file coords.txt (compact mmCIF, C-alpha atoms)
# COMPACT_ATOMS: atom_id res chain seq x y z
CA MET A 640 102.04 120.45 80.40
CA VAL A 641 98.64 119.65 78.88
CA ASN A 642 98.71 116.19 80.51
CA GLN A 643 99.71 117.40 83.99
CA LEU A 644 97.09 117.65 86.71
CA THR A 645 96.71 120.83 88.71
CA LYS A 646 96.85 120.79 92.51
CA ALA A 647 93.10 121.34 92.58
CA GLU A 648 92.52 118.31 90.34
CA LYS A 649 94.74 116.13 92.53
CA LYS A 650 92.97 117.42 95.66
CA ASP A 651 89.55 116.67 94.14
CA ALA A 652 90.67 113.15 93.17
CA LEU A 653 91.93 112.53 96.72
CA LEU A 654 88.73 113.94 98.26
CA TYR A 655 86.44 111.87 96.04
CA GLY A 656 88.61 108.83 96.71
CA ALA A 657 88.30 109.35 100.46
CA ILE A 658 84.51 109.58 100.07
CA ALA A 659 84.45 106.33 98.07
CA GLY A 660 86.68 104.66 100.67
CA ILE A 661 84.44 105.71 103.54
CA LEU A 662 81.36 104.44 101.69
CA SER A 663 83.18 101.15 101.10
CA ILE A 664 83.82 100.86 104.84
CA VAL A 665 80.13 101.50 105.56
CA PHE A 666 79.08 98.80 103.06
CA SER A 667 81.55 96.33 104.58
CA VAL A 668 80.17 96.97 108.06
CA ILE A 669 76.62 96.47 106.76
CA ALA A 670 77.74 93.20 105.12
CA ILE A 671 79.26 91.92 108.38
CA TYR A 672 76.08 92.60 110.34
CA HIS A 673 73.85 91.22 107.57
CA SER A 674 75.94 88.03 107.44
CA GLY A 675 75.19 87.43 111.09
CA MET A 676 71.44 87.99 110.69
CA ALA A 677 70.69 86.46 107.27
CA ASP A 678 68.29 83.53 107.32
CA SER A 679 69.14 82.07 103.91
CA TYR A 680 72.24 81.81 101.80
CA SER A 681 70.47 83.31 98.78
CA SER A 682 69.57 86.40 100.82
CA LEU A 683 73.13 86.64 102.08
CA TYR A 684 74.52 86.22 98.56
CA ILE A 685 72.18 88.77 96.97
CA VAL A 686 72.82 91.45 99.60
CA SER A 687 76.61 90.94 99.64
CA THR A 688 76.76 90.95 95.83
CA ALA A 689 74.62 94.09 95.65
CA LEU A 690 76.83 95.84 98.23
CA LYS A 691 79.98 94.85 96.33
CA VAL A 692 78.62 96.02 92.98
CA VAL A 693 77.42 99.32 94.43
CA GLY A 694 80.59 99.89 96.46
CA THR A 695 83.20 98.82 93.93
CA VAL A 696 81.59 99.71 90.60
CA LEU A 697 78.60 102.05 90.74
CA ILE A 698 79.84 104.51 93.36
CA PRO A 699 83.30 104.81 91.74
CA ILE A 700 81.71 105.34 88.31
CA GLY A 701 79.37 107.97 89.75
CA LEU A 702 82.21 109.77 91.53
CA VAL A 703 84.39 109.62 88.40
CA TYR A 704 81.51 111.20 86.51
CA LEU A 705 81.36 113.99 89.11
CA LEU A 706 85.15 114.33 89.00
CA LYS A 707 84.99 114.69 85.22
CA LYS A 708 82.23 117.29 85.45
CA ARG A 709 84.35 119.24 87.92
CA ASN A 710 87.75 118.98 86.20
CA GLY A 711 87.25 117.33 82.85
CA GLU A 712 87.20 120.07 80.23
CA ASP A 713 90.46 118.75 78.76
CA TRP A 714 90.39 115.19 79.98
CA THR A 715 92.70 113.47 77.58
CA PHE A 716 93.27 109.79 78.28
CA SER A 717 96.44 110.62 80.20
CA ARG A 718 94.81 113.27 82.41
CA ALA A 719 91.74 111.13 82.99
CA LEU A 720 93.89 108.11 83.89
CA LYS A 721 96.00 110.09 86.36
CA SER A 722 92.99 111.66 88.01
CA ILE A 723 91.00 108.42 88.17
CA TYR A 724 93.94 106.42 89.46
CA ILE A 725 94.60 108.94 92.24
CA PHE A 726 90.90 108.69 93.08
CA LEU A 727 90.93 104.86 93.11
CA ALA A 728 94.22 104.67 95.04
CA ALA A 729 92.88 107.00 97.74
CA SER A 730 89.69 104.95 97.91
CA ILE A 731 91.62 101.68 98.26
CA VAL A 732 93.94 103.01 100.96
CA VAL A 733 91.11 104.56 103.00
CA SER A 734 88.85 101.51 102.71
CA ALA A 735 91.61 98.95 103.35
CA ILE A 736 92.87 100.73 106.44
CA GLY A 737 89.34 101.46 107.69
CA ILE A 738 88.02 97.93 107.18
CA THR A 739 91.14 96.36 108.68
CA VAL A 740 91.06 98.60 111.74
CA TYR A 741 87.31 98.04 112.13
CA GLN A 742 87.63 94.23 111.91
CA LYS A 743 90.73 93.92 114.06
CA VAL A 744 90.27 96.68 116.64
CA ILE A 745 86.75 98.12 116.81
CA ILE A 746 84.17 95.38 116.21
CA ASP A 747 83.15 93.08 119.01
CA LYS A 748 84.72 89.72 118.11
CA THR A 749 81.54 87.84 119.01
CA ILE A 750 79.67 89.71 116.26
CA LEU A 751 82.37 88.79 113.76
CA GLU A 752 82.33 85.16 114.97
CA GLU A 753 78.52 85.01 114.67
CA SER A 754 78.79 86.41 111.16
CA TYR A 755 81.23 83.71 110.05
CA GLN A 756 79.35 80.95 111.87
CA ASN A 757 76.07 81.94 110.21
CA LEU A 758 77.80 82.12 106.82
CA MET A 759 79.18 78.60 107.29
CA ASN A 760 75.83 77.20 108.44
CA LEU A 761 73.92 78.80 105.57
CA LYS A 762 76.51 77.64 103.04
CA ILE A 763 76.31 74.04 104.31
CA VAL A 764 72.49 74.05 104.11
CA GLU A 765 72.59 75.55 100.61
CA MET A 766 75.19 73.06 99.35
CA GLU A 767 73.38 70.07 100.88
CA SER A 768 70.14 71.17 99.19
CA ARG A 769 71.98 71.11 95.84
CA GLY A 770 73.31 67.61 96.56
CA ALA A 771 76.95 68.61 97.05
CA THR A 772 79.36 65.95 98.25
CA ASP A 773 81.03 66.10 101.65
CA ASP A 774 84.34 66.87 99.90
CA GLU A 775 82.84 69.85 98.07
CA ILE A 776 81.33 71.14 101.30
CA ASP A 777 84.66 70.69 103.11
CA GLN A 778 86.45 72.66 100.37
CA GLN A 779 84.02 75.57 100.76
CA MET A 780 84.31 75.47 104.54
CA GLU A 781 88.10 75.56 104.23
CA ILE A 782 87.89 78.71 102.08
CA ILE A 783 85.55 80.39 104.58
CA GLU A 784 87.77 79.27 107.46
CA GLN A 785 90.84 80.84 105.78
CA ASP A 786 88.95 84.12 105.44
CA ARG A 787 87.83 83.84 109.08
CA THR A 788 91.39 83.18 110.23
CA PHE A 789 92.58 86.27 108.36
CA ALA A 790 89.77 88.37 109.88
CA PHE A 791 90.78 87.28 113.38
CA SER A 792 94.53 87.63 112.83
CA GLU A 793 96.48 90.39 114.53
CA LEU A 794 96.80 93.79 112.91
CA SER A 795 100.19 93.75 111.19
CA PHE A 796 102.10 95.13 108.24
CA ARG A 797 102.09 91.71 106.57
CA ASN A 798 98.32 91.25 106.55
CA THR A 799 97.49 94.87 105.75
CA VAL A 800 99.92 96.24 103.15
CA PRO A 801 100.24 93.42 100.55
CA PRO A 802 96.47 93.25 99.89
CA VAL A 803 96.49 97.02 99.35
CA PHE A 804 99.24 96.73 96.72
CA ILE A 805 97.40 93.91 94.95
CA SER A 806 94.26 96.06 94.88
CA LEU A 807 96.24 99.01 93.52
CA LEU A 808 97.53 96.88 90.65
CA VAL A 809 94.12 95.45 89.81
CA ASN A 810 92.48 98.87 89.98
CA PHE A 811 94.97 100.30 87.51
CA VAL A 812 93.17 98.27 84.83
CA PHE A 813 89.84 99.61 86.11
CA ALA A 814 91.28 103.15 85.98
CA MET A 815 92.40 102.63 82.37
CA THR A 816 88.92 101.41 81.41
CA LEU A 817 87.25 104.38 83.11
CA ALA A 818 89.75 106.78 81.52
CA LEU A 819 88.86 105.42 78.08
CA LEU A 820 85.16 105.85 78.80
CA PHE A 821 85.31 109.29 80.44
CA ARG A 822 87.96 111.11 78.43
CA THR A 823 86.67 114.18 76.64
CA LYS A 824 89.38 114.63 74.07
CA VAL A 825 91.23 112.28 71.81
CA VAL A 826 94.68 113.69 71.05
CA LYS A 827 95.84 112.87 67.55
CA LYS A 828 99.57 112.68 66.95
call {"tool": "encode", "arguments": {"input": "coords.txt", "output": "structure tokens"}}
result
Amino acid sequence: MVNQLTKAEKKDALLYGAIAGILSIVFSVIAIYHSGMADSYSSLYIVSTALKVVGTVLIPIGLVYLLKKRNGEDWTFSRALKSIYIFLAASIVVSAIGITVYQKVIIDKTILEESYQNLMNLKIVEMESRGATDDEIDQQMEIIEQDRTFAFSELSFRNTVPPVFISLLVNFVFAMTLALLFRTKVVKK
């Protein structure tokens, strides 16, 4: 029973995960609007990278720290992993659903279109300034166009659920890393 989480610990992990998910949605919305207004690719790249690092690494680490302070007296690796993974899973589900609904239902499509058009224009200018070939530019435009097509696709099970499961798998490794770093007890057998 020492490795089982209490209901309060599970509830805290879900609550902190929901908070992280909501913050992730906010950062994604900021990124969409910034993409439409950015005047250089370097500015766009720096802001989007900063938002991703803050939203996917720093905020989760900070919330895991708070979760540990709240429930981590006996955080063995197993307990820490369970608590952190519940936290990350809740964050992924909330952010994936929120971002998808925002992009596909709430946002004005012209804003989204302007965002992608500005991204493409800035990327072309940046690549031309580096002396990229037309083929290299076309490859990058194809990648952006695929992302744009996905953003404008209909809300469906197929384009919502599989990315969530992929994120859950990838974040299990992140949860294991955080559990190793934040555990308070090493159980010797």
call {"tool": "closest_residue", "arguments": {"input": "coords.txt", "among": "A:Ser806, A:Ser717, A:Thr739, A:Ser754", "to": "A:Phe789", "atoms": "only C-alpha atoms"}}
result
A:Thr739
call {"tool": "atom_distance", "arguments": {"input": "coords.txt", "atom1": "atom CA of A:Ile698", "atom2": "atom CA of A:Ile661"}}
result
11.2 Å
call {"tool": "atom_distance", "arguments": {"input": "coords.txt", "atom1": "atom CA of A:Met759", "atom2": "atom CA of A:Tyr684"}}
result
12.5 Å
call {"tool": "atom_distance", "arguments": {"input": "coords.txt", "atom1": "atom CA of A:Gln643", "atom2": "atom CA of A:Thr823"}}
result
15.3 Å
call {"tool": "closest_residue", "arguments": {"input": "coords.txt", "among": "A:Asn798, A:Val809, A:Phe791, A:Lys762", "to": "A:Asp747", "atoms": "all atoms listed in the file"}}
result
A:Phe791
call {"tool": "closest_residue", "arguments": {"input": "coords.txt", "among": "A:Ile783, A:Ile700, A:Asp773, A:Gly711", "to": "A:Tyr655", "atoms": "all atoms listed in the file"}}
result
A:Ile700
call {"tool": "residues_near_point", "arguments": {"input": "coords.txt", "point": "(94.9, 101.6, 105.3)", "cutoff": "12 Å", "atoms": "all atoms listed in the file", "output": "PyMOL selection string"}}
result
chain A and resi 657+660-661+664+728-741+794-796+798-804+806
call {"tool": "write_last_selection", "arguments": {"input": "coords.txt", "atoms": "C-alpha atoms", "output": "mmCIF file, keeping the file's coordinate frame"}}
result
data_model
loop_
_atom_site.group_PDB
_atom_site.id
_atom_site.type_symbol
_atom_site.label_atom_id
_atom_site.label_comp_id
_atom_site.auth_asym_id
_atom_site.auth_seq_id
_atom_site.Cartn_x
_atom_site.Cartn_y
_atom_site.Cartn_z
ATOM 1 C CA ALA A 657 88.300 109.350 100.460
ATOM 2 C CA GLY A 660 86.680 104.660 100.670
ATOM 3 C CA ILE A 661 84.440 105.710 103.540
ATOM 4 C CA ILE A 664 83.820 100.860 104.840
ATOM 5 C CA ALA A 728 94.220 104.670 95.040
ATOM 6 C CA ALA A 729 92.880 107.000 97.740
ATOM 7 C CA SER A 730 89.690 104.950 97.910
ATOM 8 C CA ILE A 731 91.620 101.680 98.260
ATOM 9 C CA VAL A 732 93.940 103.010 100.960
ATOM 10 C CA VAL A 733 91.110 104.560 103.000
ATOM 11 C CA SER A 734 88.850 101.510 102.710
ATOM 12 C CA ALA A 735 91.610 98.950 103.350
ATOM 13 C CA ILE A 736 92.870 100.730 106.440
ATOM 14 C CA GLY A 737 89.340 101.460 107.690
ATOM 15 C CA ILE A 738 88.020 97.930 107.180
ATOM 16 C CA THR A 739 91.140 96.360 108.680
ATOM 17 C CA VAL A 740 91.060 98.600 111.740
ATOM 18 C CA TYR A 741 87.310 98.040 112.130
ATOM 19 C CA LEU A 794 96.800 93.790 112.910
ATOM 20 C CA SER A 795 100.190 93.750 111.190
ATOM 21 C CA PHE A 796 102.100 95.130 108.240
ATOM 22 C CA ASN A 798 98.320 91.250 106.550
ATOM 23 C CA THR A 799 97.490 94.870 105.750
ATOM 24 C CA VAL A 800 99.920 96.240 103.150
ATOM 25 C CA PRO A 801 100.240 93.420 100.550
ATOM 26 C CA PRO A 802 96.470 93.250 99.890
ATOM 27 C CA VAL A 803 96.490 97.020 99.350
ATOM 28 C CA PHE A 804 99.240 96.730 96.720
ATOM 29 C CA SER A 806 94.260 96.060 94.880
#
call {"tool": "closest_residue", "arguments": {"input": "coords.txt", "among": "A:Leu706, A:Ile746, A:Leu758, A:Leu727", "to": "A:His673", "atoms": "all atoms listed in the file"}}
result
A:Leu758
call {"tool": "residues_around", "arguments": {"input": "coords.txt", "residues": "A:Leu761", "least_positions_apart": "2", "cutoff": "10 Å", "atoms": "only C-alpha atoms", "output": "short mmCIF file (atom, residue, chain, number, x, y, z; two decimals) with C-alpha atoms, in the coordinates of the input"}}
result
data_model
loop_
_atom_site.label_atom_id
_atom_site.label_comp_id
_atom_site.auth_asym_id
_atom_site.auth_seq_id
_atom_site.Cartn_x
_atom_site.Cartn_y
_atom_site.Cartn_z
CA SER A 674 75.94 88.03 107.44
CA ALA A 677 70.69 86.46 107.27
CA ASP A 678 68.29 83.53 107.32
CA SER A 679 69.14 82.07 103.91
CA TYR A 680 72.24 81.81 101.80
CA SER A 681 70.47 83.31 98.78
CA SER A 682 69.57 86.40 100.82
CA LEU A 683 73.13 86.64 102.08
CA TYR A 755 81.23 83.71 110.05
CA GLN A 756 79.35 80.95 111.87
CA ASN A 757 76.07 81.94 110.21
CA LEU A 758 77.80 82.12 106.82
CA MET A 759 79.18 78.60 107.29
CA ILE A 763 76.31 74.04 104.31
CA VAL A 764 72.49 74.05 104.11
CA GLU A 765 72.59 75.55 100.61
CA MET A 766 75.19 73.06 99.35
CA GLU A 767 73.38 70.07 100.88
#
call {"tool": "closest_residue", "arguments": {"input": "coords.txt", "among": "A:Phe811, A:Phe726, A:Phe666, A:Tyr672", "to": "A:Lys691", "atoms": "all atoms listed in the file"}}
result
A:Phe666
call {"tool": "closest_residue", "arguments": {"input": "coords.txt", "among": "A:Tyr724, A:Trp714, A:Phe813, A:Tyr704", "to": "A:Gly656", "atoms": "all atoms listed in the file"}}
result
A:Tyr724
